[in-house]
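As stored in upload_5.txt (compact mmCIF, C-alpha atoms and all ligand atoms):
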```txt
# COMPACT_ATOMS: atom_id res chain seq x y z
CA MET A 1 0.00 0.00 0.00
CA GLU A 2 1.29 3.41 -0.90
CA VAL A 3 1.70 5.75 2.05
CA GLN A 4 0.38 9.25 1.45
CA VAL A 5 2.56 11.93 3.00
CA PRO A 6 1.64 15.61 3.07
CA LEU A 7 3.85 17.49 0.64
CA LEU A 8 5.31 20.97 0.49
CA GLN A 9 5.35 22.14 -3.10
CA THR A 10 8.36 24.04 -4.40
CA HIS A 11 6.24 26.00 -6.90
CA VAL A 12 9.17 25.77 -9.31
CA GLU A 13 7.41 24.91 -12.55
CA GLY A 14 8.19 21.31 -13.48
CA LEU A 15 10.12 20.52 -10.32
CA ASP A 16 7.27 19.25 -8.16
CA ARG A 17 6.38 16.69 -10.79
CA ALA A 18 10.03 15.59 -10.94
CA LEU A 19 10.07 15.22 -7.16
CA GLY A 20 7.01 12.99 -7.29
CA GLY A 21 4.71 15.75 -6.00
CA GLY A 22 6.87 17.86 -3.73
CA ILE A 23 8.91 17.62 -0.53
CA PRO A 24 7.45 15.58 2.34
CA VAL A 25 6.42 17.95 5.13
CA GLY A 26 8.80 17.66 8.09
CA SER A 27 11.81 16.69 5.96
CA THR A 28 15.28 18.12 6.36
CA VAL A 29 16.66 18.96 2.94
CA LEU A 30 20.24 19.83 2.16
CA VAL A 31 20.56 22.43 -0.60
CA ALA A 32 24.14 22.06 -1.77
CA GLY A 33 25.88 24.10 -4.42
CA THR A 34 28.94 26.07 -5.44
CA PRO A 35 28.90 29.88 -5.01
CA GLY A 36 26.26 31.76 -7.01
CA THR A 37 24.08 28.78 -7.90
CA MET A 38 20.89 30.47 -6.64
CA LYS A 39 20.65 28.49 -3.40
CA THR A 40 19.35 31.52 -1.51
CA SER A 41 16.98 32.68 -4.27
CA LEU A 42 15.53 29.22 -4.78
CA ILE A 43 14.64 28.65 -1.13
CA LEU A 44 13.27 32.18 -0.73
CA TRP A 45 11.11 31.41 -3.76
CA VAL A 46 9.75 28.22 -2.17
CA MET A 47 8.90 30.21 0.96
CA HIS A 48 7.47 33.17 -0.94
CA GLU A 49 5.21 31.01 -3.08
CA ASN A 50 3.99 28.88 -0.18
CA ALA A 51 3.09 32.06 1.70
CA ARG A 52 1.30 33.48 -1.33
CA THR A 53 -0.66 30.38 -2.25
CA ASN A 54 -1.30 28.65 1.10
CA GLY A 55 -0.48 31.20 3.80
CA VAL A 56 2.42 29.04 5.02
CA LYS A 57 4.78 30.97 7.33
CA SER A 58 8.54 30.58 7.04
CA LEU A 59 11.63 31.60 8.94
CA TYR A 60 14.82 32.27 6.99
CA VAL A 61 17.95 32.42 9.14
CA SER A 62 20.62 34.22 7.14
CA LEU A 63 24.02 33.97 8.77
CA GLU A 64 25.99 35.48 5.90
CA GLN A 65 23.98 37.95 3.86
CA ASP A 66 22.20 40.75 5.72
CA MET A 67 18.45 41.14 5.51
CA ASP A 68 18.46 44.23 3.25
CA SER A 69 20.72 42.70 0.66
CA LEU A 70 18.71 39.47 0.75
CA LYS A 71 15.44 41.32 0.22
CA ALA A 72 16.89 43.46 -2.56
CA GLY A 73 18.03 40.31 -4.38
CA ALA A 74 14.64 38.70 -3.87
CA ALA A 75 12.85 41.75 -5.26
CA ARG A 76 14.90 41.49 -8.44
CA MET A 77 13.72 37.92 -8.84
CA GLY A 78 9.99 38.56 -8.71
CA MET A 79 9.62 38.48 -4.92
CA GLY A 80 8.93 42.14 -4.29
CA ASN A 81 6.46 41.49 -1.52
CA LEU A 82 8.51 39.40 0.86
CA HIS A 83 6.24 40.27 3.80
CA GLU A 84 7.72 39.87 7.24
CA SER A 85 4.54 38.24 8.46
CA SER A 86 4.93 35.29 6.12
CA VAL A 87 8.63 35.06 5.28
CA TYR A 88 10.60 36.31 8.25
CA VAL A 89 14.27 36.92 7.58
CA LEU A 90 16.50 36.81 10.61
CA ASP A 91 20.06 37.90 9.97
CA LEU A 92 23.16 37.66 12.12
CA GLY A 93 22.95 41.35 13.12
CA GLN A 94 19.43 40.88 14.49
CA LEU A 95 20.40 37.63 16.16
CA ARG A 96 23.28 39.32 17.94
CA LYS A 97 21.07 42.23 19.04
CA GLY A 98 18.60 39.77 20.52
CA LEU A 99 21.20 37.99 22.56
CA HIS A 100 21.05 40.03 25.75
CA ARG A 101 21.30 37.15 28.13
CA ALA A 102 24.48 35.42 29.14
CA GLU A 103 24.69 33.82 25.72
CA THR A 104 28.45 33.83 25.61
CA THR A 105 28.41 30.66 27.62
CA LYS A 106 26.29 28.91 25.01
CA ASP A 107 27.25 27.67 21.60
CA TRP A 108 25.53 28.84 18.42
CA PHE A 109 23.82 25.51 17.85
CA THR A 110 22.06 25.80 21.22
CA ILE A 111 21.24 29.48 20.65
CA LEU A 112 19.79 28.72 17.21
CA ILE A 113 17.66 25.85 18.50
CA GLU A 114 16.30 28.05 21.30
CA ILE A 115 15.50 30.94 18.95
CA VAL A 116 13.78 28.66 16.45
CA LYS A 117 11.72 26.97 19.18
CA GLU A 118 10.63 30.35 20.51
CA ALA A 119 9.77 31.68 17.04
CA VAL A 120 7.78 28.56 16.14
CA SER A 121 5.72 28.66 19.31
CA SER A 122 5.04 32.40 19.10
CA SER A 123 4.54 32.78 15.34
CA GLY A 124 3.71 29.34 13.97
CA TYR A 125 6.41 28.94 11.34
CA GLN A 126 6.20 25.73 9.33
CA VAL A 127 9.27 26.06 7.14
CA LEU A 128 12.83 26.92 8.19
CA ALA A 129 16.02 27.69 6.29
CA ILE A 130 19.54 27.99 7.63
CA ASP A 131 21.86 29.82 5.25
CA SER A 132 24.48 28.52 5.53
CA LEU A 133 25.77 25.54 7.52
CA GLU A 134 29.33 26.71 6.87
CA ALA A 135 28.56 30.07 8.49
CA LEU A 136 27.03 28.27 11.47
CA TYR A 137 30.13 26.09 11.80
CA ALA A 138 32.36 29.16 11.55
CA LEU A 139 30.49 30.83 14.42
CA SER A 140 30.62 27.75 16.59
CA ASP A 141 33.57 26.15 18.19
CA LEU A 142 32.57 22.59 17.44
CA LYS A 143 33.97 19.68 19.31
CA SER A 144 31.77 17.14 17.64
CA PRO A 145 30.15 18.60 14.49
CA ARG A 146 28.27 15.47 13.44
CA ARG A 147 26.72 15.09 16.87
CA GLU A 148 25.75 18.79 16.96
CA MET A 149 24.16 18.43 13.54
CA PHE A 150 22.30 15.29 14.62
CA HIS A 151 20.97 17.21 17.61
CA LEU A 152 19.93 20.23 15.50
CA LEU A 153 18.13 18.04 12.97
CA GLY A 154 16.38 16.18 15.79
CA ALA A 155 15.20 19.48 17.30
CA VAL A 156 13.76 20.85 14.04
CA LYS A 157 12.10 17.48 13.34
CA GLU A 158 10.45 17.55 16.75
CA LEU A 159 8.98 20.94 15.85
CA GLY A 160 7.56 19.44 12.65
CA LEU A 161 9.43 21.93 10.49
CA THR A 162 10.32 21.34 6.87
CA THR A 163 13.93 22.52 6.93
CA PHE A 164 16.30 23.63 4.19
CA LEU A 165 19.97 23.53 5.14
CA ILE A 166 21.98 25.51 2.66
CA THR A 167 25.50 24.26 2.23
CA GLU A 168 28.34 25.65 0.18
CA THR A 169 30.26 23.20 -1.92
CA PRO A 170 33.71 24.44 -2.89
CA PHE A 171 34.50 24.45 -6.64
CA GLY A 172 35.92 21.11 -7.70
CA SER A 173 34.88 19.31 -4.52
CA THR A 174 33.47 15.82 -4.84
CA ARG A 175 31.91 15.95 -1.37
CA LEU A 176 28.53 17.58 -0.92
CA ALA A 177 28.88 18.19 2.80
CA GLN A 178 31.59 18.32 5.44
CA TRP A 179 30.26 16.32 8.35
CA GLY A 180 27.99 13.69 6.93
CA GLU A 181 24.98 16.03 6.73
CA ASP A 182 24.23 14.38 3.38
CA PHE A 183 23.60 11.10 5.19
CA LEU A 184 21.64 12.68 8.02
CA ALA A 185 19.33 14.75 5.80
CA ASP A 186 16.13 13.30 4.31
CA GLY A 187 16.68 15.00 0.99
CA ILE A 188 19.42 16.55 -1.10
CA LEU A 189 19.03 19.10 -3.86
CA HIS A 190 22.30 19.68 -5.66
CA LEU A 191 22.89 22.82 -7.70
CA LYS A 192 25.74 23.03 -10.12
CA GLN A 193 26.99 25.26 -12.92
CA VAL A 194 27.92 23.22 -15.96
CA GLU A 195 29.86 24.52 -18.93
CA VAL A 196 28.08 23.80 -22.16
CA GLY A 197 30.31 24.24 -25.18
CA GLU A 198 32.94 26.97 -25.04
CA THR A 199 30.87 29.89 -23.91
CA ASP A 200 27.65 28.82 -22.22
CA VAL A 201 27.03 27.89 -18.63
CA GLN A 202 23.93 26.08 -17.48
CA LEU A 203 22.60 25.94 -13.94
CA ARG A 204 21.57 22.38 -13.17
CA LEU A 205 19.54 21.00 -10.32
CA ARG A 206 19.54 17.37 -9.32
CA CYS A 207 17.53 15.68 -6.60
CA VAL A 208 20.14 13.29 -5.23
CA LYS A 209 17.78 11.86 -2.64
CA MET A 210 14.34 12.48 -1.18
CA ARG A 211 13.23 9.91 1.35
CA TRP A 212 9.75 8.43 0.78
CA MET A 213 9.52 9.80 -2.76
CA ASN A 214 9.88 8.14 -6.12
CA HIS A 215 11.67 11.08 -7.70
CA ASP A 216 13.56 11.77 -10.89
CA HIS A 217 17.31 11.31 -10.29
CA ASN A 218 18.38 13.10 -13.45
CA ALA A 219 19.75 16.62 -13.63
CA LEU A 220 17.35 19.34 -14.77
CA VAL A 221 18.14 22.84 -15.96
CA LEU A 222 17.06 25.52 -13.48
CA ASN A 223 15.90 28.72 -15.14
CA HIS A 224 14.59 32.07 -13.97
CA ASP A 225 12.95 34.43 -16.43
CA GLY A 226 12.80 37.50 -14.16
CA ARG A 227 9.36 36.48 -12.92
CA HIS A 228 9.48 32.86 -11.89
CA PHE A 229 11.60 29.71 -11.58
CA PHE A 230 11.13 26.73 -13.87
CA VAL A 231 13.04 23.58 -14.76
CA THR A 232 13.57 22.06 -18.17
CA HIS A 233 15.17 18.83 -19.30
CA VAL A 234 18.83 18.80 -20.20
CA ILE A 235 19.01 18.26 -23.93
CA SER A 236 21.68 15.70 -24.44
CA LYS A 237 24.05 16.48 -27.27
CA LYS A 238 25.15 12.85 -27.47
CA LYS A 239 23.93 10.93 -30.48
N1 LIG A 301 16.86 36.85 -13.17
C1 LIG A 301 17.97 36.15 -13.07
N2 LIG A 301 18.22 35.16 -13.94
C2 LIG A 301 19.31 34.43 -13.85
N3 LIG A 301 20.24 34.61 -12.88
C3 LIG A 301 20.05 35.56 -11.98
C4 LIG A 301 18.91 36.38 -12.02
N4 LIG A 301 18.99 37.25 -10.99
C5 LIG A 301 20.15 36.96 -10.33
N5 LIG A 301 20.78 35.95 -10.93
C6 LIG A 301 22.05 35.33 -10.52
O1 LIG A 301 21.84 34.56 -9.35
C7 LIG A 301 23.06 34.51 -8.59
C8 LIG A 301 22.82 34.81 -7.15
O2 LIG A 301 21.83 34.00 -6.62
P1 LIG A 301 21.91 33.61 -5.09
O3 LIG A 301 22.47 34.71 -4.26
O4 LIG A 301 20.57 33.10 -4.76
O5 LIG A 301 22.97 32.43 -5.17
P2 LIG A 301 23.66 31.68 -3.98
O6 LIG A 301 23.92 30.30 -4.46
O7 LIG A 301 22.85 31.82 -2.75
O8 LIG A 301 25.00 32.51 -3.86
P3 LIG A 301 26.09 32.48 -2.66
O9 LIG A 301 26.91 31.28 -2.90
O10 LIG A 301 26.83 33.76 -2.87
O11 LIG A 301 25.32 32.45 -1.38
C9 LIG A 301 23.95 35.60 -9.15
O12 LIG A 301 25.07 34.98 -9.72
C10 LIG A 301 23.09 36.33 -10.15
O13 LIG A 301 23.82 36.72 -11.26
MG MG A 302 23.38 32.50 -0.84
```

Kindly return the structure encoded in the file as structure tokens.
Ligand SMILES: Nc1ncnc2c1ncn2[C@@H]1O[C@H](COP(=O)(O)OP(=O)(O)OP(=O)(O)O)[C@@H](O)[C@H]1O
Ligand SMILES: [Mg+2]
Amino acid sequence: MEVQVPLLQTHVEGLDRALGGGIPVGSTVLVAGTPGTMKTSLILWVMHENARTNGVKSLYVSLEQDMDSLKAGAARMGMGNLHESSVYVLDLGQLRKGLHRAETTKDWFTILIEIVKEAVSSSGYQVLAIDSLEALYALSDLKSPRREMFHLLGAVKELGLTTFLITETPFGSTRLAQWGEDFLADGILHLKQVEVGETDVQLRLRCVKMRWMNHDHNALVLNHDGRHFFVTHVISKKK
């Protein structure tokens, strides 16, 4: 018997079908990619569209880019109305301002879990993004990164959140993640720039894994036309 799981749609045209319907609600999804592969824009889009179509509320924790720059980028990509009430962007500056208590004794993983718990209970967020894991690691003095990550993922799962963990893959690296996050996560979306011919570069998206879903494993081309995101099939030049 097929088990029906509630799904969060990405609202990227063509992608939900490729995923087998969407992303199972409550999943933790690693969004891995080299610099400039639209990791931030893509996840903001998922949040923006879920707010617009279903009133879903999301929390975007931005540990690198500040809120104004993030919003300006989003506006240029057809997300002019990134309302705080539905997509709340929390940047490092705001996080630091909010840390009045004796937070110096705590590590950033603990602080983040506490802030997320508080925000979920007071504002009812259903979707969370952490951008990026590398920035979180840089802030924290980790003794046991894999255990910390296991604990963080357990905490967001307990809250029922669908979570996107943005991770930066260095150019040329064959590893998607540093500390086994790729094994711990329920899903992996991998973004990659691929040279096509001598001059063109294509942005490709591949769902490497998505637990519980019978998804397409092939790479798709991720496009943005100034208004919306859509995926198309890679046209193979092989005969
Ligand atoms: N309308 C558009 N169509 C195609 N590409 C765009 C468009 N608007 C912005 N871009 C490109 O998207 C990239 C930035 O996207 P974004 O910041 O989401 O990527 P990122 O993967 O989060 O980057 P970083 O690694 O710096 O965090 C830029 O390289 C920019 O040129
Ligand atoms: Mg980014």

Practice task
Find the residues near segment 134-141 of chain A: any atom within 9 Å, counting all atoms listed in the file, skip ones fewer than 6 places away on the same chain, and give them as JSON, numbers by chain.
Solution key: {"A": [63, 64, 107, 108, 109, 166, 167, 168, 178]}

Practice task
Identify, counting all atoms listed in the file, the protein, DNA and RNA residues located within 7 Å of ligand MG 302 (chain A), and give them as a list in words.
Solution key: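 Every residue with an atom at most 7 Å from ligand MG 302 (chain A) is listed here: Gly36, Met38, Lys39, Thr40 and Asp131 of chain A.
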
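For ligand LIG 301 (chain A), the protein and nucleic acid residues at most 7 Å away, judged by all atoms listed in the file, amount to Gly33, Thr34, Pro35, Gly36, Thr37, Met38, Lys39, Thr40, Ser41, Leu42, Arg76, Met77, Glu168, Asn223, His224, Asp225 and Gly226 of chain A.
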
Fill in the blank from the handout: Among A:Val87, A:Arg96, A:Asp68, A:Thr162, Gln9 of chain A is approached most closely, using only C-alpha atoms, by A:Thr162

Handout entry: Of the listed residues A:Val156, A:Ile235, A:Leu222, A:Ala72, that which approaches Val12 of chain A most closely, counting only C-alpha atoms
Key = A:Leu222

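Nearest residue to Gly180 of chain A among A:Met149, A:Leu90, A:Val221, A:Ala119 is A:Met149, counting only C-alpha atoms.
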
Handout entry: Point-to-point distance in Å for atom CA of Glu158 of chain A and atom CA of Asp216 of chain A
Key = 28.4 Å

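For Trp212 of chain A, the list of residues within 10 Å, based on all atoms listed in the file and with local chain neighbours fewer than 5 positions off taken out, reads Glu2, Val3, Gln4, Val5, Gly20, Ile23, Pro24, Ser27, Asp186 and Gly187 of chain A.
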
Could you save the residues just selected, with C-alpha atoms, as a short mmCIF file (atom, residue, chain, number, x, y, z; two decimals), in the frame of the given file?
```
data_model
loop_
_atom_site.label_atom_id
_atom_site.label_comp_id
_atom_site.auth_asym_id
_atom_site.auth_seq_id
_atom_site.Cartn_x
_atom_site.Cartn_y
_atom_site.Cartn_z
CA GLU A 2 1.29 3.41 -0.90
CA VAL A 3 1.70 5.75 2.05
CA GLN A 4 0.38 9.25 1.45
CA VAL A 5 2.56 11.93 3.00
CA GLY A 20 7.01 12.99 -7.29
CA ILE A 23 8.91 17.62 -0.53
CA PRO A 24 7.45 15.58 2.34
CA SER A 27 11.81 16.69 5.96
CA ASP A 186 16.13 13.30 4.31
CA GLY A 187 16.68 15.00 0.99
#
```

Exercise for the section: Record the distance separating atom CA of Ser85 of chain A and atom CA of Val46 of chain A, expressed in Å with one decimal. Expected result: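 Interatomic distance, atom CA of Ser85 of chain A to atom CA of Val46 of chain A: 15.5 Å.
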
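Picture a line from atom CA of Leu189 of chain A to atom CA of Val31 of chain A; it runs 4.9 Å.
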
Exercise for the section: Rank A:Gln193, A:Ser86, A:Ser122, A:Gln94 by their smallest atom-to-atom distance to Gly55 of chain A, using all atoms listed in the file, and report the top residue only. Expected result: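 Comparing A:Gln193, A:Ser86, A:Ser122, A:Gln94 against Gly55 of chain A, the winner is A:Ser86.
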
Just give me the residues with any atom within 10 Å of (5.9, 25.2, -13.5), file coordinates, counting only C-alpha atoms, written as a compact mmCIF listing (two decimals) with C-alpha atoms, in the coordinates of the input.
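File written: result.txt
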```txt
# COMPACT_ATOMS: atom_id res chain seq x y z
CA THR A 10 8.36 24.04 -4.40
CA HIS A 11 6.24 26.00 -6.90
CA VAL A 12 9.17 25.77 -9.31
CA GLU A 13 7.41 24.91 -12.55
CA GLY A 14 8.19 21.31 -13.48
CA LEU A 15 10.12 20.52 -10.32
CA ASP A 16 7.27 19.25 -8.16
CA ARG A 17 6.38 16.69 -10.79
CA HIS A 228 9.48 32.86 -11.89
CA PHE A 229 11.60 29.71 -11.58
CA PHE A 230 11.13 26.73 -13.87
CA VAL A 231 13.04 23.58 -14.76
CA THR A 232 13.57 22.06 -18.17
```

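Residue nearest His151 of chain A, chosen from A:Thr169, A:Asn81, A:Ser69, A:Thr110 and counting only C-alpha atoms: A:Thr110.
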
Could you give me, as a PDB file with C-alpha atoms, in the frame of the given file, the residues within 10 Å of Leu159 of chain A, counting all atoms listed in the file and dropping anything in the same chain fewer than 5 positions from it?
```pdb
ATOM      1  CA  GLY A  26       8.800  17.660   8.090  1.00  0.00           C
ATOM      2  CA  VAL A 116      13.780  28.660  16.450  1.00  0.00           C
ATOM      3  CA  LYS A 117      11.720  26.970  19.180  1.00  0.00           C
ATOM      4  CA  VAL A 120       7.780  28.560  16.140  1.00  0.00           C
ATOM      5  CA  SER A 121       5.720  28.660  19.310  1.00  0.00           C
ATOM      6  CA  TYR A 125       6.410  28.940  11.340  1.00  0.00           C
ATOM      7  CA  GLN A 126       6.200  25.730   9.330  1.00  0.00           C
ATOM      8  CA  GLY A 154      16.380  16.180  15.790  1.00  0.00           C
TER       9      GLY A 154
END
```

Practice task
For the point (11.1, 13.0, -3.3) in the file's frame, write as a VMD selection string all residues with an atom no more than 6 Å away, counting only C-alpha atoms.
Solution key: chain A and resid 19 to 20 23 210 to 211 213 to 215

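With only C-alpha atoms as the atoms that count, the minimum distance from Arg146 of chain A to the choices A:Val201, A:Val127, A:Ile111, A:Ala185 is reached by A:Ala185.
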